[in-house]
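Enquirer: What follows is the file start.csv, containing CSV, C-alpha atoms:
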```csv
chain,number,residue,atom,x,y,z
L,170,MET,CA,58.5,-126.5,88.8
L,171,LYS,CA,55.3,-126.6,90.9
L,172,GLY,CA,52.2,-126.1,88.8
L,173,ARG,CA,53.6,-127.1,85.4
L,174,SER,CA,51.8,-129.5,83.0
L,175,ASP,CA,53.0,-131.2,79.9
L,176,PRO,CA,52.0,-128.8,77.0
L,177,ARG,CA,50.7,-131.8,75.0
L,178,VAL,CA,47.9,-132.1,77.5
L,179,PHE,CA,46.4,-128.8,76.4
L,180,HIS,CA,45.8,-130.1,72.8
L,181,PHE,CA,43.0,-132.2,74.3
L,182,PHE,CA,41.2,-129.1,75.6
L,183,TYR,CA,41.9,-127.1,72.5
L,184,SER,CA,40.1,-129.9,70.5
L,185,LEU,CA,36.9,-129.6,72.5
L,186,PRO,CA,35.4,-126.8,70.3
L,187,VAL,CA,36.0,-128.8,67.1
L,188,ILE,CA,34.7,-132.0,68.8
L,189,ALA,CA,31.5,-130.1,69.7
L,190,ALA,CA,31.1,-128.7,66.2
L,191,VAL,CA,31.4,-132.1,64.4
L,192,SER,CA,29.4,-134.2,66.9
L,193,PRO,CA,26.0,-133.4,65.4
L,194,VAL,CA,27.2,-134.9,62.1
L,195,LEU,CA,28.8,-137.9,63.8
L,196,ALA,CA,25.5,-138.5,65.6
L,197,LYS,CA,23.9,-139.3,62.3
L,198,PHE,CA,26.2,-142.2,61.5
L,199,GLN,CA,25.9,-145.7,62.9
L,200,ILE,CA,29.1,-147.7,63.6
L,201,LEU,CA,28.5,-151.3,64.9
L,202,GLY,CA,25.1,-150.3,66.2
L,203,LEU,CA,26.2,-147.1,68.0
L,204,ASN,CA,26.0,-143.5,66.9
L,205,GLY,CA,29.3,-141.9,66.1
L,206,THR,CA,29.0,-139.8,69.3
L,207,GLY,CA,28.6,-143.0,71.2
L,208,TYR,CA,32.3,-143.5,70.8
L,209,VAL,CA,33.4,-139.9,71.2
L,210,TRP,CA,31.9,-139.0,74.6
L,211,PRO,CA,33.4,-142.2,76.3
L,212,ALA,CA,36.8,-141.2,74.7
L,213,VAL,CA,36.5,-137.8,76.3
L,214,PHE,CA,35.6,-139.4,79.6
L,215,LEU,CA,38.6,-141.7,79.5
L,216,ALA,CA,40.9,-138.9,78.3
L,217,SER,CA,39.9,-136.8,81.3
L,218,VAL,CA,40.5,-139.7,83.7
L,219,GLY,CA,43.9,-140.3,82.0
L,220,ILE,CA,44.9,-136.6,82.3
L,221,LEU,CA,44.1,-136.7,86.0
L,222,LEU,CA,46.1,-139.8,86.6
L,223,PHE,CA,49.0,-138.6,84.4
L,224,LEU,CA,49.3,-135.2,85.9
L,225,LYS,CA,48.7,-136.0,89.5
L,226,LYS,CA,48.2,-132.3,90.2
L,227,ARG,CA,46.0,-130.6,92.7
L,228,ILE,CA,42.4,-130.2,91.5
L,229,TYR,CA,41.0,-126.6,91.7
L,230,PHE,CA,37.6,-127.4,90.2
L,231,PRO,CA,34.8,-126.0,92.5
L,232,MET,CA,33.7,-129.3,93.9
L,233,GLY,CA,32.1,-127.6,96.8
L,234,ILE,CA,29.6,-126.2,94.4
L,235,TRP,CA,29.1,-129.2,92.0
L,236,GLY,CA,30.0,-132.1,94.4
L,237,PRO,CA,26.5,-132.6,95.9
L,238,TRP,CA,24.8,-132.7,92.5
L,239,THR,CA,27.4,-135.1,91.1
L,240,CYS,CA,27.4,-137.4,94.1
L,241,TYR,CA,23.6,-137.5,94.1
L,242,ILE,CA,23.5,-138.6,90.4
L,243,VAL,CA,25.7,-141.6,91.3
L,244,PHE,CA,23.8,-142.3,94.5
L,245,VAL,CA,20.4,-142.6,92.7
L,246,LEU,CA,21.8,-145.6,90.9
L,247,LEU,CA,21.1,-147.5,94.1
L,248,TRP,CA,17.4,-147.6,93.2
L,249,SER,CA,17.6,-147.3,89.4
L,250,ASP,CA,16.5,-150.1,87.1
L,251,PHE,CA,19.8,-151.8,86.3
L,252,ASN,CA,18.2,-153.3,83.3
L,253,ALA,CA,17.2,-149.9,82.0
L,254,ARG,CA,18.9,-148.9,78.7
L,255,TYR,CA,19.8,-145.4,79.9
L,256,ALA,CA,20.5,-145.8,83.6
L,257,PHE,CA,24.3,-146.0,83.4
L,258,GLN,CA,24.6,-144.1,80.2
L,259,ASN,CA,22.9,-141.1,81.6
L,260,VAL,CA,25.1,-141.1,84.7
L,261,PHE,CA,28.3,-141.3,82.6
L,262,GLN,CA,27.2,-138.6,80.2
L,263,ILE,CA,26.2,-136.2,83.0
L,264,THR,CA,29.4,-136.8,85.0
L,265,THR,CA,31.7,-136.6,82.0
L,266,PRO,CA,31.8,-132.7,82.1
L,267,PHE,CA,32.8,-132.7,85.7
L,268,LEU,CA,35.8,-135.0,84.9
L,269,VAL,CA,36.6,-132.6,82.0
L,270,GLY,CA,36.5,-129.7,84.4
L,271,MET,CA,38.6,-131.4,87.0
L,272,ALA,CA,41.2,-132.4,84.4
L,273,ALA,CA,41.3,-128.8,83.2
L,274,SER,CA,41.7,-127.4,86.7
L,275,ALA,CA,44.6,-129.8,87.2
L,276,ALA,CA,46.3,-128.9,83.8
L,277,PHE,CA,45.9,-125.1,83.4
L,278,TYR,CA,48.3,-123.0,85.3
L,279,HIS,CA,48.9,-119.8,83.3
L,280,GLU,CA,46.9,-117.2,81.4
L,281,TYR,CA,48.7,-118.1,78.1
L,282,TYR,CA,47.1,-121.5,77.9
L,283,LEU,CA,43.7,-120.2,79.0
L,284,LYS,CA,43.8,-117.6,76.3
L,285,LYS,CA,44.7,-120.4,73.7
L,286,TYR,CA,41.6,-122.4,74.9
L,287,LEU,CA,39.3,-119.3,74.5
L,288,GLU,CA,40.7,-118.6,71.0
L,289,ALA,CA,40.2,-122.3,70.0
L,290,TYR,CA,36.5,-121.5,69.6
L,291,ARG,CA,37.4,-119.5,66.5
L,292,TYR,CA,38.4,-122.8,64.9
L,293,GLY,CA,35.2,-124.3,66.1
L,294,PHE,CA,33.2,-121.5,64.5
L,295,ALA,CA,35.1,-122.1,61.2
L,296,VAL,CA,34.0,-125.8,61.3
L,297,LEU,CA,30.4,-124.8,62.0
L,298,VAL,CA,30.4,-122.5,59.0
L,299,VAL,CA,31.6,-125.3,56.8
L,300,LEU,CA,29.0,-127.7,58.1
L,301,PHE,CA,26.3,-125.0,57.7
L,302,VAL,CA,27.1,-124.7,54.0
L,303,LEU,CA,27.3,-128.5,53.5
L,304,PHE,CA,24.3,-129.7,55.5
L,305,VAL,CA,22.0,-126.8,56.0
L,306,LEU,CA,22.2,-124.6,52.9
L,307,MET,CA,23.1,-127.2,50.3
L,308,PRO,CA,20.0,-129.5,51.0
L,309,LYS,CA,17.9,-126.4,50.1
L,310,ILE,CA,19.9,-126.0,46.8
L,311,THR,CA,20.4,-129.7,45.7
L,312,ARG,CA,18.8,-133.0,46.4
L,313,HIS,CA,22.0,-134.9,46.3
L,314,PRO,CA,21.9,-137.7,49.0
L,315,PHE,CA,25.2,-136.6,50.5
L,316,PHE,CA,23.7,-133.4,51.6
L,317,GLY,CA,20.5,-135.1,52.8
L,318,ILE,CA,21.9,-136.7,55.9
L,319,TRP,CA,21.0,-133.7,58.1
L,320,GLN,CA,17.7,-134.4,59.8
L,321,PRO,CA,15.8,-131.9,62.0
L,322,THR,CA,17.2,-133.4,65.2
L,323,GLY,CA,20.7,-133.1,63.8
L,324,SER,CA,20.3,-129.5,62.9
L,325,ARG,CA,18.8,-128.8,66.3
L,326,THR,CA,21.8,-130.1,68.1
L,327,TYR,CA,24.0,-128.2,65.6
L,328,ALA,CA,22.2,-125.1,66.7
L,329,LEU,CA,23.1,-125.8,70.3
L,330,VAL,CA,26.8,-125.9,69.4
L,331,ILE,CA,26.4,-122.6,67.6
L,332,VAL,CA,25.0,-121.1,70.8
L,333,ILE,CA,27.9,-122.1,73.1
L,334,THR,CA,30.5,-121.2,70.4
L,335,MET,CA,28.9,-117.8,70.0
L,336,VAL,CA,29.1,-117.2,73.8
L,337,PHE,CA,32.9,-117.7,73.7
L,338,LEU,CA,33.3,-115.4,70.6
L,339,VAL,CA,31.1,-112.6,71.8
L,340,CYS,CA,32.7,-112.5,75.2
L,341,ASP,CA,36.1,-112.0,73.7
L,342,PHE,CA,36.5,-108.5,75.0
L,343,GLN,CA,40.0,-108.2,73.7
L,344,ASN,CA,38.6,-108.5,70.1
L,345,ALA,CA,37.1,-105.4,68.3
L,346,LEU,CA,33.4,-104.8,68.9
L,347,TRP,CA,32.7,-104.9,65.2
L,348,LYS,CA,34.3,-108.4,64.9
L,349,ARG,CA,32.3,-109.7,67.9
L,350,THR,CA,29.1,-108.2,66.3
L,351,LEU,CA,29.9,-110.0,63.0
L,352,TYR,CA,30.3,-113.3,64.9
L,353,TRP,CA,27.0,-112.7,66.7
L,354,GLY,CA,25.2,-111.9,63.5
L,355,ALA,CA,26.5,-115.0,61.7
L,356,CYS,CA,25.6,-117.2,64.7
L,357,VAL,CA,22.0,-115.7,64.8
L,358,PHE,CA,21.6,-116.4,61.1
L,359,MET,CA,22.9,-120.0,61.3
L,360,ALA,CA,20.8,-120.8,64.3
L,361,PHE,CA,17.7,-119.3,62.7
L,362,VAL,CA,18.1,-121.1,59.4
L,363,SER,CA,18.8,-124.4,61.1
L,364,GLY,CA,15.4,-124.1,62.9
L,365,GLY,CA,16.4,-124.0,66.5
L,366,ARG,CA,13.9,-121.8,68.2
L,367,MET,CA,15.5,-121.7,71.7
L,368,ALA,CA,18.9,-121.6,70.1
L,369,THR,CA,18.0,-118.6,68.1
L,370,PHE,CA,16.5,-116.8,71.1
L,371,SER,CA,19.7,-117.6,73.1
L,372,THR,CA,22.0,-116.2,70.4
L,373,LEU,CA,19.9,-113.0,70.3
L,374,VAL,CA,20.0,-112.3,74.1
L,375,VAL,CA,23.7,-113.1,74.7
L,376,TRP,CA,24.5,-109.3,74.9
L,377,LEU,CA,22.3,-109.1,78.0
L,378,LEU,CA,24.0,-111.9,79.8
L,379,PHE,CA,27.4,-110.4,80.6
L,380,PRO,CA,27.9,-109.7,84.3
L,381,PHE,CA,27.8,-106.1,85.5
L,382,THR,CA,31.0,-104.4,86.5
L,383,HIS,CA,30.6,-102.7,89.9
L,384,ALA,CA,32.4,-99.6,88.9
L,385,ASN,CA,30.5,-99.1,85.6
L,386,TRP,CA,27.1,-100.6,86.3
L,387,SER,CA,25.1,-97.5,85.2
L,388,LYS,CA,26.9,-97.2,81.9
L,389,GLU,CA,26.5,-100.9,81.2
L,390,LEU,CA,22.8,-100.7,82.1
L,391,MET,CA,22.4,-98.1,79.4
L,392,HIS,CA,24.2,-100.3,76.9
L,393,LYS,CA,22.0,-103.3,77.9
L,394,ALA,CA,18.9,-101.1,77.4
L,395,VAL,CA,20.0,-100.3,73.9
L,396,ALA,CA,20.7,-104.0,73.3
L,397,VAL,CA,17.2,-104.8,74.4
L,398,CYS,CA,15.7,-102.5,71.8
L,399,VAL,CA,17.9,-103.9,69.0
L,400,ILE,CA,17.3,-107.5,70.0
L,401,GLY,CA,13.5,-106.9,70.2
L,402,VAL,CA,13.4,-105.5,66.7
L,403,VAL,CA,15.5,-108.4,65.3
L,404,GLY,CA,13.6,-111.0,67.3
L,405,ILE,CA,10.2,-109.8,66.2
L,406,GLY,CA,11.3,-109.7,62.6
L,407,LEU,CA,12.6,-113.3,62.7
L,408,PHE,CA,9.4,-114.5,64.5
L,409,TYR,CA,7.2,-113.2,61.7
L,410,THR,CA,9.2,-114.9,58.9
L,411,PRO,CA,7.5,-117.8,57.2
L,412,HIS,CA,10.4,-120.1,58.4
L,413,PHE,CA,9.7,-119.5,62.1
L,414,GLN,CA,5.9,-119.2,61.7
L,415,ALA,CA,5.9,-122.8,60.4
L,416,ARG,CA,8.1,-123.9,63.3
L,417,PHE,CA,5.8,-122.3,65.9
L,418,PHE,CA,2.3,-122.9,64.5
L,419,LYS,CA,0.7,-125.8,62.7
L,420,SER,CA,-1.3,-123.4,60.6
L,421,GLY,CA,1.9,-121.6,59.6
L,422,HIS,CA,0.5,-118.4,61.0
L,423,GLY,CA,0.4,-116.9,64.6
L,424,THR,CA,1.0,-113.8,66.6
L,425,LEU,CA,3.1,-112.7,69.6
L,426,SER,CA,-0.1,-112.9,71.6
L,427,ASP,CA,-0.4,-116.6,70.7
L,428,LEU,CA,3.2,-117.2,71.7
L,429,LEU,CA,2.7,-115.5,75.1
L,430,GLN,CA,-0.4,-117.5,75.7
L,431,GLY,CA,1.4,-120.8,75.0
L,432,LYS,CA,-0.6,-121.4,71.8
L,433,PHE,CA,2.3,-122.8,69.8
L,434,GLN,CA,3.9,-126.2,69.1
L,435,SER,CA,6.0,-127.2,72.1
L,436,ALA,CA,6.2,-130.9,71.5
L,437,GLY,CA,4.9,-131.4,75.0
L,438,ARG,CA,8.0,-129.8,76.6
L,439,PHE,CA,6.1,-127.9,79.2
L,440,ASP,CA,2.9,-130.0,79.7
L,441,LEU,CA,2.3,-132.0,82.8
L,442,GLN,CA,-1.4,-132.6,82.0
L,443,ASP,CA,-3.1,-134.3,79.0
L,444,LYS,CA,-3.1,-131.3,76.8
L,445,SER,CA,-0.3,-132.0,74.4
L,446,GLU,CA,-1.5,-133.0,71.0
L,447,VAL,CA,2.0,-133.4,69.7
L,448,GLU,CA,3.5,-135.8,72.3
L,449,PRO,CA,0.9,-137.2,74.7
L,450,LEU,CA,3.4,-139.9,75.7
L,451,TRP,CA,5.4,-137.2,77.5
L,452,ASN,CA,2.4,-136.5,79.8
L,453,THR,CA,1.8,-140.1,80.4
L,454,ALA,CA,5.4,-140.6,81.4
L,455,MET,CA,5.3,-137.6,83.8
L,456,ARG,CA,2.2,-138.9,85.5
L,457,LYS,CA,3.9,-142.2,86.1
L,458,ALA,CA,6.9,-140.4,87.6
L,459,ARG,CA,4.8,-138.4,90.1
L,460,PRO,CA,5.1,-141.0,93.0
L,461,TYR,CA,8.9,-140.6,92.7
L,462,TRP,CA,9.1,-136.8,92.7
L,463,ILE,CA,10.9,-136.5,96.1
L,464,ALA,CA,14.0,-138.7,95.5
L,465,GLY,CA,13.5,-139.6,91.8
L,466,GLY,CA,12.4,-142.7,89.9
L,467,GLY,CA,16.0,-143.6,89.1
L,468,SER,CA,18.6,-142.7,86.4
L,469,GLY,CA,17.1,-143.0,83.0
L,470,TYR,CA,13.5,-143.5,84.4
L,471,LEU,CA,11.8,-141.0,82.2
L,472,GLN,CA,13.8,-141.8,79.1
L,473,ASP,CA,12.7,-145.4,79.4
L,474,GLN,CA,9.1,-144.2,79.4
L,475,MET,CA,9.5,-142.2,76.2
L,476,GLN,CA,12.1,-142.0,73.4
L,477,LYS,CA,13.5,-138.5,74.1
L,478,PRO,CA,12.2,-136.1,76.7
L,479,VAL,CA,13.2,-132.6,75.6
L,480,ASN,CA,13.0,-130.6,78.8
L,481,ASP,CA,15.8,-131.5,81.3
L,482,TYR,CA,14.2,-129.7,84.2
L,483,LEU,CA,11.3,-132.1,84.1
L,484,ARG,CA,13.6,-135.0,83.3
L,485,VAL,CA,15.7,-134.3,86.4
L,486,LEU,CA,12.5,-134.0,88.4
L,487,ALA,CA,11.4,-137.4,87.2
L,488,ASP,CA,14.8,-139.2,87.4
L,489,TYR,CA,16.3,-137.5,90.5
L,490,GLY,CA,13.3,-136.0,92.2
L,491,LEU,CA,13.0,-132.6,94.0
L,492,ILE,CA,16.2,-133.4,95.8
L,493,GLY,CA,18.2,-133.7,92.6
L,494,LEU,CA,16.5,-130.7,91.0
L,495,THR,CA,17.4,-128.7,94.1
L,496,PHE,CA,21.0,-129.8,94.0
L,497,PHE,CA,21.2,-129.0,90.3
L,498,LEU,CA,19.7,-125.5,90.5
L,499,SER,CA,21.6,-124.7,93.6
L,500,ALA,CA,24.9,-125.5,91.9
L,501,MET,CA,24.0,-123.5,88.9
L,502,PHE,CA,23.1,-120.4,90.9
L,503,LEU,CA,26.0,-120.7,93.2
L,504,GLN,CA,28.4,-121.0,90.2
L,505,LEU,CA,26.7,-118.0,88.7
L,506,ILE,CA,27.3,-115.9,91.8
L,507,ALA,CA,30.9,-117.2,92.0
L,508,ALA,CA,31.6,-116.3,88.4
L,509,PHE,CA,30.1,-112.8,88.9
L,510,VAL,CA,32.3,-112.2,92.0
L,511,GLN,CA,35.5,-113.4,90.3
L,512,TYR,CA,34.7,-111.3,87.2
L,513,ASN,CA,34.6,-108.2,89.4
L,514,ARG,CA,37.6,-109.3,91.5
L,515,VAL,CA,40.2,-110.3,89.0
L,516,THR,CA,42.2,-107.7,86.9
L,517,GLU,CA,43.9,-109.9,84.3
L,518,PRO,CA,42.0,-109.5,81.0
L,519,VAL,CA,42.1,-113.2,80.1
L,520,LEU,CA,40.7,-114.2,83.5
L,521,LYS,CA,38.1,-111.5,83.3
L,522,GLN,CA,37.1,-112.8,79.9
L,523,ALA,CA,36.9,-116.3,81.2
L,524,PHE,CA,34.6,-115.5,84.1
L,525,ALA,CA,32.4,-113.4,81.9
L,526,THR,CA,32.1,-116.2,79.4
L,527,LEU,CA,31.3,-118.7,82.2
L,528,HIS,CA,28.6,-116.3,83.5
L,529,ALA,CA,27.0,-116.0,80.1
L,530,GLY,CA,27.4,-119.7,79.4
L,531,LEU,CA,25.6,-120.7,82.5
L,532,LEU,CA,22.7,-118.4,81.8
L,533,ILE,CA,22.5,-119.8,78.3
L,534,LEU,CA,22.5,-123.3,79.8
L,535,LEU,CA,19.6,-122.4,82.1
L,536,LEU,CA,17.7,-121.3,79.0
L,537,VAL,CA,18.3,-124.2,76.7
L,538,THR,CA,17.6,-126.7,79.4
L,539,LEU,CA,13.9,-125.8,79.1
L,540,THR,CA,13.7,-127.2,75.6
L,541,GLU,CA,16.7,-129.6,75.2
L,542,ASN,CA,18.6,-132.5,76.8
L,543,SER,CA,21.4,-130.2,77.7
L,544,LEU,CA,22.7,-132.4,80.6
L,545,THR,CA,23.3,-135.5,78.5
L,546,TYR,CA,24.4,-133.5,75.4
L,547,CYS,CA,27.8,-133.2,77.1
L,548,LEU,CA,29.8,-133.0,73.8
L,549,TYR,CA,27.7,-130.0,72.6
L,550,LEU,CA,27.3,-127.9,75.7
L,551,LEU,CA,28.6,-129.0,79.1
L,552,ASN,CA,32.1,-130.1,78.1
L,553,PRO,CA,33.1,-126.6,76.8
L,554,ILE,CA,31.5,-124.9,79.8
L,555,PHE,CA,33.1,-127.1,82.5
L,556,ALA,CA,36.5,-127.2,80.8
L,557,LEU,CA,36.3,-123.4,81.0
L,558,THR,CA,35.3,-123.5,84.6
L,559,GLY,CA,38.2,-125.8,85.5
L,560,ALA,CA,40.7,-123.9,83.4
L,561,ALA,CA,39.7,-120.5,84.9
L,562,TYR,CA,39.9,-121.8,88.5
L,563,GLY,CA,43.2,-123.6,87.8
L,564,VAL,CA,44.8,-120.4,86.5
L,565,LEU,CA,43.2,-118.3,89.2
L,566,ARG,CA,44.7,-120.5,92.0
L,567,ARG,CA,48.1,-121.2,90.5
L,568,ARG,CA,49.0,-117.8,89.0
L,569,VAL,CA,51.0,-116.8,92.1
L,570,PHE,CA,53.5,-119.7,91.5
L,571,LEU,CA,54.7,-118.8,88.0
L,572,SER,CA,56.0,-115.8,86.2
L,573,PRO,CA,55.2,-115.4,82.5
L,574,THR,CA,58.7,-116.2,81.5
L,575,GLU,CA,58.6,-119.5,83.3
L,576,VAL,CA,55.7,-120.8,81.1
L,577,PHE,CA,58.1,-121.5,78.2
L,578,SER,CA,61.1,-122.5,80.2
L,579,HIS,CA,60.5,-126.3,79.9
```
Could you quickly redo this structure as structure tokens?

Expert:
Amino acid sequence: MKGRSDPRVFHFFYSLPVIAAVSPVLAKFQILGLNGTGYVWPAVFLASVGILLFLKKRIYFPMGIWGPWTCYIVFVLLWSDFNARYAFQNVFQITTPFLVGMAASAAFYHEYYLKKYLEAYRYGFAVLVVLFVLFVLMPKITRHPFFGIWQPTGSRTYALVIVITMVFLVCDFQNALWKRTLYWGACVFMAFVSGGRMATFSTLVVWLLFPFTHANWSKELMHKAVAVCVIGVVGIGLFYTPHFQARFFKSGHGTLSDLLQGKFQSAGRFDLQDKSEVEPLWNTAMRKARPYWIAGGGSGYLQDQMQKPVNDYLRVLADYGLIGLTFFLSAMFLQLIAAFVQYNRVTEPVLKQAFATLHAGLLILLLVTLTENSLTYCLYLLNPIFALTGAAYGVLRRRVFLSPTEVFSH
């Protein structure tokens, strides 16, 4: 019947939360000269292409929103350095989530499968807890080399997976509030101990990122005001712990005033001038990129100038110019508006949950992009978000063709 997909296809999408959870560990292992994740994200890319070719279904992914940004990324290859190490890799990594989203929009056709995808993040959370015990807590207890593989970078990317997993769990409105609050508290704790500053902040503020419901906006505003007070108290308490004081300040001591004035260790993430003591190479690379700020210096340009730029807004500006940055931000805000509109329009609980999760996930993405390589960390962040986008739109557009009983009739 029209709209059906082979149920086996959905196992690929259900595996994405677990793939995201284990990827920070895989990234620490070298296999034939490549990180473990260097094999996983191409496999996801090829699997998405394979699903599109196998299903041959109509694609409901919002290409009108994301198409200009995606096409421009590929177009910039025309003046990219073809000998650059990261030119093609960046393009493939950034476009993989769009293929995942397109494949999901072709596959998903009923709320049952969408609900199963949303629930799969509970399994991802379970994996994150196991990894937290093995590679974050155990190194503090024992010096055994097995537990020492986790480096600061690994724990930072692990914290990013905690953030996106937490968004799915906290937005599960069909779950009891106390259970969602427990998930939230656990994710805040794990992000904090792992040392991710932006990740910890993002987990704290997730309660403020749900879209308003037109009919209940005043009541929800009051709830958000209470959440602001609770988050403020918890956040200030975490900030003044020795763990975070050492993360923010060289001296190990600082105040909120220092933080607001920018007097903290930022690893050059926000500096365009020569004032970063931590990573002056970042400033040098950005100065070299200035002549290309209209159309961009080419895919991978900034990453070839320095090992790992950790602010993707500035990296998009250097690689893809003001044109690319405009396409990216326009797509983000248009998708935010679309998610808000659909959240208030649909009545089915699963679809409502999906669009609320998408809304909160996009806002989280806007936050972490300030301090992370969120666009190329497709396994950690973008694949889950874009799979949700495609799945939600696929169900939204196809639901008129199938009754619930027909889901299991094949």

Enquirer: Of the candidates L:Gly401, L:Pro380, L:Gly219, L:Gly469, which shows the shortest atom-to-atom distance to L:Phe509, using all atoms listed in the file?

Expert: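 Among the listed residues, the smallest separation from L:Phe509 belongs to L:Pro380.
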
Enquirer: Using all atoms listed in the file, can you tell me which of L:Ala464, L:Ile228, L:Leu503, L:Val178 comes closest to L:Gly490?

Expert: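 Distance minimum relative to L:Gly490 lands on L:Ala464.
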
Enquirer: Please identify every residue of stretch 227-312 of chain L that has at least one atom no farther than 7 Å from an atom of stretch 538-551 of chain L, counting all atoms listed in the file, and for each give the shortest atom pair and the distance in Å to one decimal, arranged by chain then increasing number, as JSON lines.

Expert:
```
{"residue": "L:Asn259", "atom": "CA", "partner": "L:Thr545", "partner_atom": "CA", "distance": 6.4}
{"residue": "L:Gln262", "atom": "CA", "partner": "L:Thr545", "partner_atom": "CA", "distance": 5.3}
{"residue": "L:Ile263", "atom": "CA", "partner": "L:Thr545", "partner_atom": "CA", "distance": 5.4}
{"residue": "L:Pro266", "atom": "CA", "partner": "L:Leu551", "partner_atom": "CA", "distance": 5.7}
```

Enquirer: Just the residues within 10 Å of L:Val485, please, counting only C-alpha atoms, with nothing from its chain fewer than 2 positions along; format it as a ChimeraX atom specification.

Expert: /L:242,462,465-471,480-483,487-495,497,544

Enquirer: Quick check, in Å to one decimal: how far apart do atom CA of L:Phe214 and atom CA of L:Ile234 lie?

Expert: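 We find that atom CA of L:Phe214 and atom CA of L:Ile234 lie 20.7 Å from each other.
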
Enquirer: Using only C-alpha atoms, pick whichever of L:Val191, L:Ile506, L:Val375, L:Leu520 has the shortest atom-to-atom distance to L:Leu283.

Expert: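 Looking at the shortest contact to L:Leu283, the residue is L:Leu520.
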
Enquirer: Which residue gives the smallest distance to L:Phe496 among L:Trp238, L:Tyr461, L:Tyr183, L:Phe198, with all atoms listed in the file counted?

Expert: L:Trp238

Enquirer: Compare L:Leu565, L:Ala360, L:Ala328, L:Leu535 by their minimum atom-to-atom distance to L:Ala500, counting only C-alpha atoms, and give me the closest one.

Expert: L:Leu535

Enquirer: Which residue is closest to L:Ser217? Choose from L:Ala189, L:Ala256, L:Leu268, L:Val332 and count all atoms listed in the file.

Expert: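 Ranked by minimum distance to L:Ser217, first place goes to L:Leu268.
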
Enquirer: Can you work out the spacing between atom CA of L:Ile533 and atom CA of L:Lys197 in Å, to one decimal?

Expert: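 Between atom CA of L:Ile533 and atom CA of L:Lys197 the gap is 25.3 Å.
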
Enquirer: Using atom CA of L:Met359 and atom CA of L:Phe301 as the two end points, give the distance in Å to one decimal.

Expert: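 Computed distance, atom CA of L:Met359 to atom CA of L:Phe301, equals 7.0 Å.
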